[in-house]
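Structure data (PDB, C-alpha atoms, pLDDT in the B column) from start-v9.pdb:
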ATOM      1  CA  MET D   1     -14.314 -26.363 122.571  1.00 95.00           C
ATOM      2  CA  LYS D   2     -12.018 -24.600 124.969  1.00 95.00           C
ATOM      3  CA  LEU D   3     -11.240 -21.139 126.252  1.00 93.00           C
ATOM      4  CA  ARG D   4      -9.298 -18.732 124.045  1.00 89.00           C
ATOM      5  CA  TYR D   5      -6.968 -18.046 126.989  1.00 88.00           C
ATOM      6  CA  ASN D   6      -6.010 -20.204 129.942  1.00 88.00           C
ATOM      7  CA  PHE D   7      -7.413 -18.940 133.227  1.00 91.00           C
ATOM      8  CA  LEU D   8      -6.059 -19.468 136.720  1.00 91.00           C
ATOM      9  CA  ILE D   9      -8.832 -19.915 139.305  1.00 95.00           C
ATOM     10  CA  ASN D  10      -8.397 -18.511 142.818  1.00 95.00           C
ATOM     11  CA  GLU D  11     -10.807 -18.849 145.730  1.00 95.00           C
ATOM     12  CA  MET D  12     -11.604 -15.516 147.371  1.00 93.00           C
ATOM     13  CA  GLY D  13     -13.853 -16.155 150.374  1.00 92.00           C
ATOM     14  CA  ASP D  14     -17.369 -17.012 149.144  1.00 92.00           C
ATOM     15  CA  TYR D  15     -16.534 -16.722 145.444  1.00 95.00           C
ATOM     16  CA  TYR D  16     -13.815 -17.492 142.923  1.00 97.00           C
ATOM     17  CA  ILE D  17     -11.977 -15.325 140.438  1.00 95.00           C
ATOM     18  CA  ALA D  18     -10.587 -16.348 137.059  1.00 93.00           C
ATOM     19  CA  ILE D  19      -7.436 -14.547 135.963  1.00 88.00           C
ATOM     20  CA  PRO D  20      -6.069 -14.977 132.426  1.00 87.00           C
ATOM     21  CA  THR D  21      -2.507 -16.231 132.052  1.00 84.00           C
ATOM     22  CA  SER D  22       0.192 -15.435 129.477  1.00 77.00           C
ATOM     23  CA  GLU D  23      -1.120 -13.663 126.345  1.00 70.00           C
ATOM     24  CA  GLY D  24      -4.611 -13.451 127.847  1.00 65.00           C
ATOM     25  CA  VAL D  25      -3.398 -10.916 130.409  1.00 67.00           C
ATOM     26  CA  VAL D  26      -2.808  -8.295 127.726  1.00 70.00           C
ATOM     27  CA  GLU D  27      -5.705  -9.185 125.424  1.00 77.00           C
ATOM     28  CA  PHE D  28      -8.413  -9.863 128.047  1.00 79.00           C
ATOM     29  CA  ASN D  29      -7.222  -7.377 130.673  1.00 75.00           C
ATOM     30  CA  GLY D  30      -9.610  -8.277 133.482  1.00 81.00           C
ATOM     31  CA  ILE D  31     -10.865 -10.915 135.874  1.00 85.00           C
ATOM     32  CA  ILE D  32     -14.098 -12.907 136.090  1.00 90.00           C
ATOM     33  CA  LYS D  33     -15.970 -13.324 139.389  1.00 93.00           C
ATOM     34  CA  LEU D  34     -17.522 -16.807 139.682  1.00 96.00           C
ATOM     35  CA  GLN D  35     -19.536 -19.126 141.877  1.00 96.00           C
ATOM     36  CA  GLU D  36     -18.123 -22.591 142.654  1.00 96.00           C
ATOM     37  CA  LYS D  37     -19.769 -24.470 139.750  1.00 95.00           C
ATOM     38  CA  GLU D  38     -18.878 -21.721 137.305  1.00 96.00           C
ATOM     39  CA  ALA D  39     -15.248 -21.854 138.462  1.00 97.00           C
ATOM     40  CA  PHE D  40     -15.232 -25.617 137.898  1.00 97.00           C
ATOM     41  CA  ILE D  41     -16.616 -25.097 134.377  1.00 97.00           C
ATOM     42  CA  ILE D  42     -13.974 -22.481 133.539  1.00 95.00           C
ATOM     43  CA  GLU D  43     -11.271 -24.783 134.875  1.00 95.00           C
ATOM     44  CA  LYS D  44     -12.534 -27.634 132.678  1.00 97.00           C
ATOM     45  CA  LEU D  45     -12.637 -25.314 129.643  1.00 97.00           C
ATOM     46  CA  ASN D  46      -8.884 -24.705 129.919  1.00 93.00           C
ATOM     47  CA  ALA D  47      -8.655 -28.003 127.982  1.00 95.00           C
ATOM     48  CA  ASP D  48     -10.653 -29.124 124.952  1.00 96.00           C
ATOM     49  CA  ILE D  49     -13.985 -30.597 126.095  1.00 97.00           C
ATOM     50  CA  THR D  50     -17.435 -31.124 124.593  1.00 97.00           C
ATOM     51  CA  GLU D  51     -20.557 -29.590 126.084  1.00 97.00           C
ATOM     52  CA  GLU D  52     -21.856 -33.069 126.976  1.00 97.00           C
ATOM     53  CA  GLU D  53     -18.605 -33.996 128.734  1.00 98.00           C
ATOM     54  CA  LEU D  54     -18.735 -30.706 130.604  1.00 97.00           C
ATOM     55  CA  VAL D  55     -22.294 -31.289 131.837  1.00 97.00           C
ATOM     56  CA  LYS D  56     -21.385 -34.829 132.917  1.00 97.00           C
ATOM     57  CA  ALA D  57     -18.277 -33.633 134.796  1.00 97.00           C
ATOM     58  CA  VAL D  58     -20.232 -30.934 136.665  1.00 97.00           C
ATOM     59  CA  CYS D  59     -22.992 -33.388 137.620  1.00 97.00           C
ATOM     60  CA  GLU D  60     -20.465 -35.967 138.833  1.00 97.00           C
ATOM     61  CA  LYS D  61     -18.596 -33.374 140.905  1.00 96.00           C
ATOM     62  CA  PHE D  62     -21.629 -31.636 142.449  1.00 96.00           C
ATOM     63  CA  GLY D  63     -24.366 -34.278 142.278  1.00 95.00           C
ATOM     64  CA  CYS D  64     -26.768 -32.014 140.395  1.00 93.00           C
ATOM     65  CA  ASP D  65     -29.637 -32.702 137.996  1.00 94.00           C
ATOM     66  CA  GLU D  66     -28.348 -33.262 134.473  1.00 95.00           C
ATOM     67  CA  GLN D  67     -31.258 -31.488 132.737  1.00 96.00           C
ATOM     68  CA  GLU D  68     -30.911 -28.377 134.889  1.00 95.00           C
ATOM     69  CA  MET D  69     -27.151 -28.371 134.410  1.00 96.00           C
ATOM     70  CA  LYS D  70     -27.511 -28.645 130.605  1.00 97.00           C
ATOM     71  CA  VAL D  71     -29.449 -25.384 130.708  1.00 97.00           C
ATOM     72  CA  ARG D  72     -26.958 -23.660 133.027  1.00 95.00           C
ATOM     73  CA  VAL D  73     -23.904 -24.849 131.093  1.00 97.00           C
ATOM     74  CA  GLY D  74     -25.582 -23.694 127.876  1.00 97.00           C
ATOM     75  CA  GLU D  75     -26.095 -20.235 129.391  1.00 96.00           C
ATOM     76  CA  ILE D  76     -22.476 -20.011 130.538  1.00 95.00           C
ATOM     77  CA  LEU D  77     -21.163 -21.147 127.159  1.00 97.00           C
ATOM     78  CA  ALA D  78     -23.395 -18.629 125.362  1.00 97.00           C
ATOM     79  CA  GLN D  79     -22.026 -15.851 127.563  1.00 94.00           C
ATOM     80  CA  LEU D  80     -18.432 -16.941 126.928  1.00 93.00           C
ATOM     81  CA  LYS D  81     -19.119 -17.065 123.165  1.00 95.00           C
ATOM     82  CA  ALA D  82     -20.653 -13.577 123.279  1.00 94.00           C
ATOM     83  CA  GLU D  83     -17.450 -12.339 124.940  1.00 89.00           C
ATOM     84  CA  ASP D  84     -15.377 -14.165 122.270  1.00 90.00           C
ATOM     85  CA  LEU D  85     -13.678 -16.303 124.917  1.00 90.00           C
ATOM     86  CA  LEU D  86     -14.319 -19.729 123.326  1.00 94.00           C
ATOM     87  CA  VAL D  87     -12.524 -21.358 120.400  1.00 91.00           C
TER      88      VAL D  87
END

Will you turn the file into structure tokens for me?
Amino acid sequence: MKLRYNFLINEMGDYYIAIPTSEGVVEFNGIIKLQEKEAFIIEKLNADITEEELVKAVCEKFGCDEQEMKVRVGEILAQLKAEDLLV
């Protein structure tokens, strides 16, 4: 799975924003405010990746519990699917 549009991630103080690039600018027409782990997930979803690979990458980067991260990644993916941002 991957994002429908590529997003550029920018750090803005204590949070990050994701801005769509190219055709996503017209179709999405907005930005997404993110925490650090969420920004990392969005960045990884710019390329094709499985949910398991995504969980593993987040845990390796941030040293978090894999079971807890499976739940959080699942929530984020569900939200992205609901917004029709995953393909």

Could you check the closest approach to Ser22 in chain D for each of D:Leu34, D:Lys70, D:Phe7, D:Lys61 and tell me which residue wins, using all atoms listed in the file? D:Phe7

Please list as a VMD selection string every residue within 7 Å of range 11-17 of chain D, counting all atoms listed in the file and excluding residues in the same chain fewer than 4 positions away. chain D and resid 31 to 36 39

Give me the residues near range 45-50 of chain D as a compact mmCIF listing (two decimals) with C-alpha atoms, in the coordinates of the input, where near means some atom within 10 Å (using all atoms listed in the file) and where sequence neighbours in that chain fewer than 6 positions away do not count.
# COMPACT_ATOMS: atom_id res chain seq x y z
CA MET D 1 -14.31 -26.36 122.57
CA LYS D 2 -12.02 -24.60 124.97
CA LEU D 3 -11.24 -21.14 126.25
CA ARG D 4 -9.30 -18.73 124.04
CA TYR D 5 -6.97 -18.05 126.99
CA ASN D 6 -6.01 -20.20 129.94
CA PHE D 7 -7.41 -18.94 133.23
CA LEU D 8 -6.06 -19.47 136.72
CA ALA D 39 -15.25 -21.85 138.46
CA LYS D 56 -21.38 -34.83 132.92
CA LEU D 77 -21.16 -21.15 127.16
CA LEU D 86 -14.32 -19.73 123.33
CA VAL D 87 -12.52 -21.36 120.40

Straight-line distance linking CA of Glu68 in chain D with CA of Glu53 in chain D, stated in Å to one decimal: 14.9 Å

Centre and edge lengths, as JSON, for the axis-aligned box enclosing every listed atom of range 27-36 of chain D with 5 Å of padding on each of the six sides, in Å to one decimal?
{"center_x": -12.6, "center_y": -15.0, "center_z": 134.0, "size_x": 23.8, "size_y": 25.2, "size_z": 27.2}

For a test of reading the model, state the distance in Å between CA of Arg72 in chain D and CA of Val26 in chain D, rounded to one decimal. 29.1 Å

Got a sec: who's within 9 Å of Cys59 in chain D, counting only C-alpha atoms, leaving out chain neighbours fewer than 6 positions off, as a ChimeraX atom specification? /D:65-66,69

Give me, please, the distance in Å between CA of Val71 in chain D and CA of Ile9 in chain D, quoted to one decimal.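 A separation of 23.0 Å between them.
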
Best match for closeness to Ile41 in chain D among D:Lys81, D:Val73, D:Asn10, D:Gln67, counting all atoms listed in the file: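 For Ile41 in chain D, the nearest of the candidates is D:Val73.
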
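Ranking D:Glu51, D:Ala18, D:Lys37, D:Phe28 by their shortest atom-to-atom distance to Leu85 in chain D, with only C-alpha atoms included, puts D:Phe28 first.
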